[in-house]
file entry_18.txt (compact mmCIF, C-alpha atoms)
# COMPACT_ATOMS: atom_id res chain seq x y z
CA MET A 1 -37.46 -58.75 -23.61
CA SER A 2 -38.17 -55.03 -23.30
CA LYS A 3 -36.62 -52.95 -20.54
CA LEU A 4 -37.78 -54.29 -17.21
CA THR A 5 -38.99 -52.25 -14.28
CA PRO A 6 -39.51 -53.36 -10.68
CA GLU A 7 -43.27 -53.16 -11.22
CA ILE A 8 -43.16 -55.47 -14.25
CA LEU A 9 -40.91 -57.84 -12.33
CA LEU A 10 -43.35 -58.10 -9.43
CA ARG A 11 -46.26 -58.72 -11.80
CA ALA A 12 -44.23 -61.50 -13.43
CA TYR A 13 -43.55 -63.16 -10.08
CA ALA A 14 -47.26 -63.02 -9.32
CA VAL A 15 -47.99 -65.22 -12.35
CA GLY A 16 -45.08 -67.60 -11.81
CA LEU A 17 -42.37 -66.12 -14.05
CA PHE A 18 -38.83 -65.03 -13.23
CA PRO A 19 -36.01 -63.60 -15.38
CA MET A 20 -32.58 -65.04 -16.16
CA ALA A 21 -29.65 -64.30 -18.44
CA GLU A 22 -27.80 -66.98 -20.39
CA HIS A 23 -24.64 -65.94 -18.57
CA ARG A 24 -23.40 -63.03 -16.46
CA ASP A 25 -21.89 -61.11 -19.42
CA ASP A 26 -25.03 -61.43 -21.57
CA SER A 27 -27.16 -58.28 -21.61
CA THR A 28 -30.30 -60.16 -22.70
CA LEU A 29 -32.86 -61.47 -20.23
CA PHE A 30 -35.56 -64.06 -20.81
CA TRP A 31 -38.55 -65.24 -18.78
CA VAL A 32 -38.50 -68.67 -17.17
CA ASP A 33 -41.60 -70.72 -16.32
CA PRO A 34 -40.37 -74.21 -15.40
CA GLU A 35 -42.56 -77.21 -16.10
CA LYS A 36 -41.36 -78.55 -12.74
CA ARG A 37 -41.02 -75.89 -10.03
CA GLY A 38 -38.86 -76.23 -6.95
CA ILE A 39 -40.22 -75.31 -3.54
CA LEU A 40 -39.02 -75.85 0.00
CA PRO A 41 -42.09 -76.71 2.11
CA LEU A 42 -41.86 -74.66 5.30
CA ASP A 43 -43.71 -77.39 7.22
CA GLY A 44 -41.34 -80.06 5.89
CA PHE A 45 -38.02 -78.31 6.45
CA HIS A 46 -35.37 -80.42 8.13
CA VAL A 47 -31.79 -79.88 9.26
CA SER A 48 -29.02 -82.33 10.07
CA ARG A 49 -27.61 -82.72 13.56
CA ARG A 50 -24.24 -81.37 12.39
CA LEU A 51 -25.74 -78.21 10.89
CA ARG A 52 -27.76 -77.57 14.04
CA ARG A 53 -24.52 -77.62 15.98
CA THR A 54 -22.99 -75.16 13.53
CA VAL A 55 -25.96 -72.79 13.83
CA ARG A 56 -25.91 -72.97 17.62
CA SER A 57 -22.14 -72.57 17.85
CA GLY A 58 -22.27 -68.89 16.95
CA MET A 59 -19.30 -69.23 14.59
CA TYR A 60 -21.22 -67.09 12.11
CA GLU A 61 -23.01 -63.81 12.69
CA ILE A 62 -26.27 -63.47 10.76
CA ARG A 63 -27.45 -60.11 9.49
CA CYS A 64 -30.31 -59.24 7.17
CA ASP A 65 -30.61 -56.42 4.65
CA THR A 66 -27.29 -54.78 5.55
CA ALA A 67 -25.29 -55.72 2.43
CA PHE A 68 -27.91 -56.60 -0.17
CA THR A 69 -25.99 -55.54 -3.28
CA ASP A 70 -22.82 -57.22 -2.03
CA VAL A 71 -24.76 -60.48 -1.65
CA VAL A 72 -26.20 -60.26 -5.17
CA ARG A 73 -22.78 -59.47 -6.64
CA ALA A 74 -21.25 -62.39 -4.76
CA CYS A 75 -23.99 -64.66 -6.12
CA ALA A 76 -23.18 -63.39 -9.63
CA ALA A 77 -19.45 -64.03 -9.34
CA PRO A 78 -17.82 -67.25 -10.59
CA SER A 79 -16.73 -69.71 -7.92
CA PRO A 80 -14.86 -73.03 -7.75
CA SER A 81 -18.19 -74.84 -8.11
CA ARG A 82 -19.51 -72.74 -11.03
CA ASP A 83 -17.65 -71.05 -13.87
CA ASP A 84 -20.55 -68.78 -14.78
CA THR A 85 -23.89 -67.57 -13.44
CA TRP A 86 -27.17 -66.28 -14.84
CA ILE A 87 -27.02 -62.96 -12.90
CA ASN A 88 -26.04 -60.07 -15.18
CA ASP A 89 -25.74 -56.33 -14.50
CA GLU A 90 -29.41 -55.65 -15.26
CA ILE A 91 -30.52 -58.24 -12.73
CA ILE A 92 -28.18 -56.73 -10.12
CA SER A 93 -29.70 -53.30 -10.79
CA LEU A 94 -33.32 -54.53 -10.89
CA TYR A 95 -33.14 -56.42 -7.63
CA GLY A 96 -31.40 -53.48 -6.03
CA ASP A 97 -34.47 -51.44 -6.98
CA LEU A 98 -36.73 -54.09 -5.42
CA TYR A 99 -34.62 -53.95 -2.26
CA ALA A 100 -35.03 -50.17 -2.15
CA LEU A 101 -38.80 -50.71 -2.36
CA GLY A 102 -38.70 -53.20 0.52
CA ARG A 103 -39.60 -56.09 -1.81
CA ALA A 104 -36.26 -57.91 -1.78
CA HIS A 105 -34.20 -59.08 1.17
CA SER A 106 -30.83 -60.60 1.93
CA VAL A 107 -29.74 -62.97 4.67
CA GLU A 108 -26.01 -62.57 5.23
CA THR A 109 -23.44 -64.78 6.94
CA TRP A 110 -20.55 -62.86 8.49
CA GLN A 111 -17.34 -64.07 10.10
CA ASP A 112 -14.82 -61.75 11.75
CA GLY A 113 -16.41 -58.78 10.00
CA GLU A 114 -16.26 -60.38 6.54
CA LEU A 115 -19.24 -61.38 4.39
CA VAL A 116 -18.64 -65.09 3.74
CA GLY A 117 -22.04 -66.31 2.56
CA GLY A 118 -25.66 -65.42 2.05
CA LEU A 119 -28.73 -65.43 -0.11
CA TYR A 120 -31.33 -63.05 -1.48
CA GLY A 121 -34.90 -63.21 -2.67
CA VAL A 122 -38.18 -61.41 -3.32
CA SER A 123 -41.14 -61.05 -0.98
CA LEU A 124 -44.69 -60.80 -2.31
CA GLY A 125 -47.79 -61.50 -0.22
CA ALA A 126 -46.98 -64.55 1.90
CA ALA A 127 -44.56 -65.90 -0.73
CA PHE A 128 -40.79 -65.63 -0.70
CA PHE A 129 -38.94 -66.29 -3.96
CA GLY A 130 -35.40 -67.43 -3.28
CA GLU A 131 -33.10 -66.25 -6.06
CA SER A 132 -29.53 -67.32 -5.39
CA MET A 133 -26.99 -68.02 -2.65
CA PHE A 134 -23.23 -68.09 -2.29
CA SER A 135 -20.69 -69.45 0.15
CA ASN A 136 -17.02 -68.65 0.68
CA SER A 137 -16.79 -70.59 3.93
CA ARG A 138 -18.02 -74.02 4.96
CA ASP A 139 -21.79 -74.16 5.48
CA ALA A 140 -22.13 -70.36 5.23
CA SER A 141 -24.99 -70.47 2.70
CA LYS A 142 -26.66 -73.37 4.52
CA VAL A 143 -26.67 -71.42 7.78
CA ALA A 144 -28.16 -68.44 5.91
CA LEU A 145 -30.91 -70.69 4.52
CA ILE A 146 -31.76 -72.01 7.99
CA HIS A 147 -32.03 -68.46 9.28
CA LEU A 148 -34.18 -67.49 6.29
CA VAL A 149 -36.65 -70.31 6.94
CA ALA A 150 -36.75 -69.43 10.65
CA ARG A 151 -37.65 -65.85 9.77
CA LEU A 152 -40.23 -66.85 7.16
CA THR A 153 -41.88 -69.21 9.62
CA GLN A 154 -41.88 -66.57 12.34
CA SER A 155 -43.30 -63.97 9.93
CA GLY A 156 -46.21 -66.02 8.57
CA TYR A 157 -45.00 -66.89 5.07
CA THR A 158 -46.58 -69.95 3.48
CA LEU A 159 -44.48 -70.48 0.32
CA LEU A 160 -40.71 -70.61 -0.24
CA ASP A 161 -40.06 -70.85 -3.97
CA THR A 162 -36.60 -72.20 -4.87
CA GLN A 163 -37.21 -72.13 -8.67
CA PHE A 164 -35.31 -75.39 -9.17
CA VAL A 165 -34.28 -78.29 -6.92
CA THR A 166 -30.58 -78.92 -6.34
CA ASP A 167 -28.71 -81.45 -4.22
CA HIS A 168 -27.91 -78.55 -1.90
CA LEU A 169 -31.63 -77.92 -1.34
CA THR A 170 -32.80 -81.53 -1.35
CA GLN A 171 -31.06 -82.16 1.96
CA PHE A 172 -33.43 -79.62 3.54
CA GLY A 173 -36.58 -81.14 2.03
CA ALA A 174 -36.96 -79.30 -1.30
CA VAL A 175 -39.37 -80.92 -3.77
CA GLU A 176 -40.59 -80.40 -7.31
CA LEU A 177 -44.17 -79.56 -8.20
CA PRO A 178 -45.84 -79.55 -11.61
CA ARG A 179 -46.54 -76.06 -12.91
CA ALA A 180 -50.28 -76.24 -12.13
CA GLY A 181 -49.69 -77.35 -8.54
CA TYR A 182 -47.15 -74.60 -8.00
CA ARG A 183 -49.49 -71.93 -9.34
CA GLU A 184 -52.21 -73.09 -6.97
CA LEU A 185 -49.85 -72.68 -3.99
CA LEU A 186 -48.67 -69.35 -5.37
CA SER A 187 -52.22 -68.04 -5.67
CA GLU A 188 -52.97 -69.01 -2.08
CA ALA A 189 -49.77 -67.35 -0.86
CA LEU A 190 -50.47 -64.13 -2.76
CA ASP A 191 -53.87 -63.94 -1.08
CA GLY A 192 -52.03 -63.91 2.25
CA SER A 193 -49.88 -61.29 3.89
CA ALA A 194 -46.50 -61.54 5.61
CA THR A 195 -43.82 -59.05 6.60
CA PHE A 196 -40.17 -60.03 6.50
CA HIS A 197 -38.61 -59.46 9.93
CA PRO A 198 -34.81 -59.13 9.76
CA VAL A 199 -34.33 -59.63 13.51
CA LEU A 200 -34.67 -63.05 15.15
CA SER A 201 -33.89 -63.54 18.81
CA GLN A 202 -31.79 -66.44 20.04
CA SER A 203 -34.80 -67.88 21.85
CA GLU A 204 -36.92 -67.67 18.67
CA LEU A 205 -34.15 -69.40 16.71
CA GLU A 206 -33.91 -72.14 19.33
CA THR A 207 -37.68 -72.65 19.32
CA PHE A 208 -37.56 -72.98 15.54
CA LEU A 209 -34.72 -75.52 15.63
CA GLN A 210 -36.62 -77.60 18.17
CA SER A 211 -39.79 -77.51 16.07
CA ILE A 212 -38.32 -78.98 12.88
CA THR A 213 -37.24 -82.49 12.04
CA GLN A 214 -33.65 -83.45 12.79
CA THR A 215 -31.79 -85.69 10.36
CA SER A 216 -28.58 -87.60 10.98
call {"tool": "encode", "arguments": {"input": "entry_18.txt", "output": "structure tokens"}}
result
Amino acid sequence: MSKLTPEILLRAYAVGLFPMAEHRDDSTLFWVDPEKRGILPLDGFHVSRRLRRTVRSGMYEIRCDTAFTDVVRACAAPSPSRDDTWINDEIISLYGDLYALGRAHSVETWQDGELVGGLYGVSLGAAFFGESMFSNSRDASKVALIHLVARLTQSGYTLLDTQFVTDHLTQFGAVELPRAGYRELLSEALDGSATFHPVLSQSELETFLQSITQTS
């Protein structure tokens, strides 16, 4: 793959592609176009009773777009649950450029002034492409995801692309679509328009929590 630019990256997202590295120390990137694509339907999002209590407890402070590069680097770092990641230095730099252009965003979970979890992704039209998440404290990434979906819903997004489906995401309602079905949803979302709003009031969060399905 030739040297990527933010503009090339956005054009790739618009046709359903995204880049990965084989591992974090590999300087080579390749395009990925899964036969089965993961999405998290915004109208089918659900949260367990326990996680709702965690969100409402205020044990975590949620910020957006205040530590974007720190979130990406944390997602790239090895953890007890993964020895390696697909996020190399070029990806960290590229998505930092997208953030500077207002095309990438982070949702950050803070506790006692320390960044303990979060996620980042790319915004294009009314589509949000979730890239990766990390957690150094119980439920920190899950709380970030709930806040992300609340903001996307509030802001008029219609598609949350998760790339793949994991057990972590299945509990919230993530599903797989065949490539053709995904591209149809992507086309519709790109015809739309949404603006990511980093601020969500407590009343807006509560309204969101009451609007979605509760699981046991």
call {"tool": "atom_distance", "arguments": {"input": "entry_18.txt", "atom1": "CA of Ala180 (chain A)", "atom2": "CA of Phe164 (chain A)"}}
result
15.3 Å
call {"tool": "atom_distance", "arguments": {"input": "entry_18.txt", "atom1": "CA of Arg11 (chain A)", "atom2": "CA of Ile146 (chain A)"}}
result
27.9 Å
call {"tool": "closest_residue", "arguments": {"input": "entry_18.txt", "among": "A:Val72, A:Leu42, A:Ala77, A:Val55", "to": "Gly156 (chain A)", "atoms": "all atoms listed in the file"}}
result
A:Leu42
call {"tool": "atom_distance", "arguments": {"input": "entry_18.txt", "atom1": "CA of Arg49 (chain A)", "atom2": "CA of Arg63 (chain A)"}}
result
23.0 Å
call {"tool": "closest_residue", "arguments": {"input": "entry_18.txt", "among": "A:Ala104, A:Phe68, A:Ala126, A:Arg56", "to": "Leu205 (chain A)", "atoms": "only C-alpha atoms"}}
result
A:Arg56
call {"tool": "closest_residue", "arguments": {"input": "entry_18.txt", "among": "A:Gln111, A:Thr162, A:Thr54, A:Ser123", "to": "Pro34 (chain A)", "atoms": "all atoms listed in the file"}}
result
A:Thr162
call {"tool": "closest_residue", "arguments": {"input": "entry_18.txt", "among": "A:Ser187, A:Ser141, A:Ser27, A:Thr109", "to": "Trp86 (chain A)", "atoms": "all atoms listed in the file"}}
result
A:Ser27
call {"tool": "closest_residue", "arguments": {"input": "entry_18.txt", "among": "A:Val149, A:Ile87, A:Ala189, A:Ala144", "to": "Val15 (chain A)", "atoms": "all atoms listed in the file"}}
result
A:Ala189
call {"tool": "closest_residue", "arguments": {"input": "entry_18.txt", "among": "A:Thr207, A:Gln163, A:Gln171, A:Ser216", "to": "Ala150 (chain A)", "atoms": "all atoms listed in the file"}}
result
A:Thr207
call {"tool": "residues_around", "arguments": {"input": "entry_18.txt", "residues": "Gln202 (chain A)", "least_positions_apart": "2", "cutoff": "12 Å", "atoms": "all atoms listed in the file", "output": "list in words"}}
result
Val55, Arg56, Ser57, Gly58, Glu61, Ile62, His147, Ala150, Arg151, Val199, Leu200, Glu204, Leu205, Glu206, Thr207, Phe208 and Leu209 of chain A
call {"tool": "residues_around", "arguments": {"input": "entry_18.txt", "residues": "region 97-103 of chain A", "least_positions_apart": "2", "cutoff": "8 Å", "atoms": "all atoms listed in the file", "output": "ChimeraX atom specification"}}
result
/A:6,68,93-95,105,122-124
call {"tool": "write_last_selection", "arguments": {"input": "entry_18.txt", "atoms": "C-alpha atoms", "output": "compact mmCIF listing (two decimals), keeping the file's coordinate frame"}}
result
# COMPACT_ATOMS: atom_id res chain seq x y z
CA PRO A 6 -39.51 -53.36 -10.68
CA PHE A 68 -27.91 -56.60 -0.17
CA SER A 93 -29.70 -53.30 -10.79
CA LEU A 94 -33.32 -54.53 -10.89
CA TYR A 95 -33.14 -56.42 -7.63
CA HIS A 105 -34.20 -59.08 1.17
CA VAL A 122 -38.18 -61.41 -3.32
CA SER A 123 -41.14 -61.05 -0.98
CA LEU A 124 -44.69 -60.80 -2.31
call {"tool": "residues_around", "arguments": {"input": "entry_18.txt", "residues": "Asp70 (chain A)", "least_positions_apart": "3", "cutoff": "12 Å", "atoms": "all atoms listed in the file", "output": "PyMOL selection string"}}
result
chain A and resi 65-67+73-77+92-93+95-96+105-109+114-120+133-134
call {"tool": "decode", "arguments": {"input": "entry_18.txt", "residues": "region 150-166 of chain A", "atoms": "all heavy atoms", "output": "CSV table (one decimal), in the first residue's frame"}}
result
chain,number,residue,atom,x,y,z
A,150,ALA,N,-25.3,7.1,22.7
A,150,ALA,CA,-26.2,8.2,23.1
A,150,ALA,C,-25.9,9.4,22.3
A,150,ALA,O,-26.9,10.1,21.9
A,150,ALA,CB,-26.0,8.5,24.6
A,151,ARG,N,-24.7,9.7,22.1
A,151,ARG,CA,-24.3,10.9,21.3
A,151,ARG,C,-24.7,10.8,19.8
A,151,ARG,O,-25.1,11.7,19.2
A,151,ARG,CB,-22.8,11.2,21.5
A,151,ARG,CG,-22.5,11.9,22.8
A,151,ARG,CD,-21.0,11.8,23.2
A,151,ARG,NE,-20.7,12.6,24.4
A,151,ARG,CZ,-21.0,12.2,25.6
A,151,ARG,NH1,-21.7,11.1,25.9
A,151,ARG,NH2,-20.7,13.0,26.7
A,152,LEU,N,-24.4,9.6,19.3
A,152,LEU,CA,-24.8,9.3,17.9
A,152,LEU,C,-26.3,9.5,17.7
A,152,LEU,O,-26.7,10.0,16.7
A,152,LEU,CB,-24.3,8.0,17.5
A,152,LEU,CG,-22.8,7.7,17.5
A,152,LEU,CD1,-22.4,6.3,17.0
A,152,LEU,CD2,-22.0,8.8,16.7
A,153,THR,N,-27.0,8.9,18.6
A,153,THR,CA,-28.5,9.0,18.5
A,153,THR,C,-29.0,10.4,18.6
A,153,THR,O,-29.8,10.9,17.8
A,153,THR,CB,-29.1,8.1,19.6
A,153,THR,OG1,-28.7,6.8,19.5
A,153,THR,CG2,-30.6,8.1,19.5
A,154,GLN,N,-28.4,11.1,19.5
A,154,GLN,CA,-28.8,12.5,19.7
A,154,GLN,C,-28.4,13.4,18.5
A,154,GLN,O,-29.1,14.4,18.2
A,154,GLN,CB,-28.1,13.1,21.0
A,154,GLN,CG,-28.4,14.5,21.3
A,154,GLN,CD,-29.7,14.7,22.0
A,154,GLN,OE1,-30.3,13.7,22.4
A,154,GLN,NE2,-30.2,15.9,22.1
A,155,SER,N,-27.3,13.0,17.8
A,155,SER,CA,-26.8,13.8,16.7
A,155,SER,C,-27.3,13.4,15.3
A,155,SER,O,-26.9,14.1,14.4
A,155,SER,CB,-25.2,13.7,16.7
A,155,SER,OG,-24.7,14.1,18.0
A,156,GLY,N,-28.1,12.4,15.2
A,156,GLY,CA,-28.7,12.1,14.0
A,156,GLY,C,-28.0,11.1,13.1
A,156,GLY,O,-28.2,10.9,11.9
A,157,TYR,N,-27.0,10.3,13.7
A,157,TYR,CA,-26.3,9.3,12.9
A,157,TYR,C,-27.3,8.1,12.7
A,157,TYR,O,-28.2,7.9,13.5
A,157,TYR,CB,-25.1,8.8,13.7
A,157,TYR,CG,-23.9,9.8,13.7
A,157,TYR,CD1,-23.9,10.8,14.6
A,157,TYR,CD2,-22.9,9.6,12.8
A,157,TYR,CE1,-22.8,11.7,14.6
A,157,TYR,CE2,-21.8,10.5,12.8
A,157,TYR,CZ,-21.8,11.6,13.7
A,157,TYR,OH,-20.8,12.5,13.7
A,158,THR,N,-27.0,7.4,11.6
A,158,THR,CA,-27.9,6.3,11.2
A,158,THR,C,-27.1,5.0,11.2
A,158,THR,O,-27.7,3.9,11.1
A,158,THR,CB,-28.6,6.5,9.9
A,158,THR,OG1,-27.6,6.7,8.8
A,158,THR,CG2,-29.5,7.7,9.9
A,159,LEU,N,-25.8,5.0,11.2
A,159,LEU,CA,-25.0,3.8,11.0
A,159,LEU,C,-23.8,3.8,12.0
A,159,LEU,O,-23.0,4.8,12.0
A,159,LEU,CB,-24.5,3.6,9.6
A,159,LEU,CG,-23.5,2.5,9.3
A,159,LEU,CD1,-24.2,1.1,9.6
A,159,LEU,CD2,-22.9,2.5,7.9
A,160,LEU,N,-23.7,2.8,12.8
A,160,LEU,CA,-22.5,2.6,13.6
A,160,LEU,C,-21.8,1.3,13.2
A,160,LEU,O,-22.3,0.2,13.4
A,160,LEU,CB,-22.8,2.5,15.1
A,160,LEU,CG,-21.7,2.1,16.1
A,160,LEU,CD1,-20.5,3.0,15.9
A,160,LEU,CD2,-22.2,2.2,17.5
A,161,ASP,N,-20.7,1.5,12.5
A,161,ASP,CA,-19.9,0.3,11.9
A,161,ASP,C,-18.9,-0.1,13.0
A,161,ASP,O,-18.2,0.7,13.5
A,161,ASP,CB,-19.2,0.9,10.7
A,161,ASP,CG,-18.2,-0.1,10.1
A,161,ASP,OD1,-18.1,-1.2,10.6
A,161,ASP,OD2,-17.6,0.2,9.0
A,162,THR,N,-19.0,-1.4,13.3
A,162,THR,CA,-18.0,-2.0,14.3
A,162,THR,C,-17.0,-2.9,13.6
A,162,THR,O,-16.2,-3.5,14.3
A,162,THR,CB,-18.8,-2.8,15.3
A,162,THR,OG1,-19.3,-4.0,14.7
A,162,THR,CG2,-19.9,-2.0,16.0
A,163,GLN,N,-17.0,-2.9,12.3
A,163,GLN,CA,-16.0,-3.7,11.5
A,163,GLN,C,-16.3,-5.2,11.7
A,163,GLN,O,-16.6,-5.9,10.7
A,163,GLN,CB,-14.6,-3.3,11.8
A,163,GLN,CG,-14.2,-1.9,11.5
A,163,GLN,CD,-12.8,-1.5,11.8
A,163,GLN,OE1,-12.1,-2.3,12.5
A,163,GLN,NE2,-12.4,-0.4,11.4
A,164,PHE,N,-16.1,-5.7,12.9
A,164,PHE,CA,-16.3,-7.1,13.2
A,164,PHE,C,-17.2,-7.2,14.4
A,164,PHE,O,-17.5,-6.2,15.1
A,164,PHE,CB,-15.0,-7.8,13.5
A,164,PHE,CG,-14.0,-7.7,12.4
A,164,PHE,CD1,-12.9,-6.8,12.5
A,164,PHE,CD2,-14.1,-8.4,11.2
A,164,PHE,CE1,-12.0,-6.7,11.4
A,164,PHE,CE2,-13.2,-8.3,10.2
A,164,PHE,CZ,-12.1,-7.5,10.3
A,165,VAL,N,-17.8,-8.4,14.6
A,165,VAL,CA,-18.6,-8.6,15.8
A,165,VAL,C,-17.8,-9.4,16.8
A,165,VAL,O,-17.3,-10.5,16.5
A,165,VAL,CB,-19.9,-9.4,15.4
A,165,VAL,CG1,-20.7,-9.8,16.7
A,165,VAL,CG2,-20.8,-8.5,14.5
A,166,THR,N,-17.8,-9.0,18.0
A,166,THR,CA,-17.1,-9.7,19.1
A,166,THR,C,-18.1,-10.0,20.2
A,166,THR,O,-19.2,-9.4,20.2
A,166,THR,CB,-16.0,-8.8,19.7
A,166,THR,OG1,-16.6,-7.6,20.3
A,166,THR,CG2,-15.0,-8.4,18.7
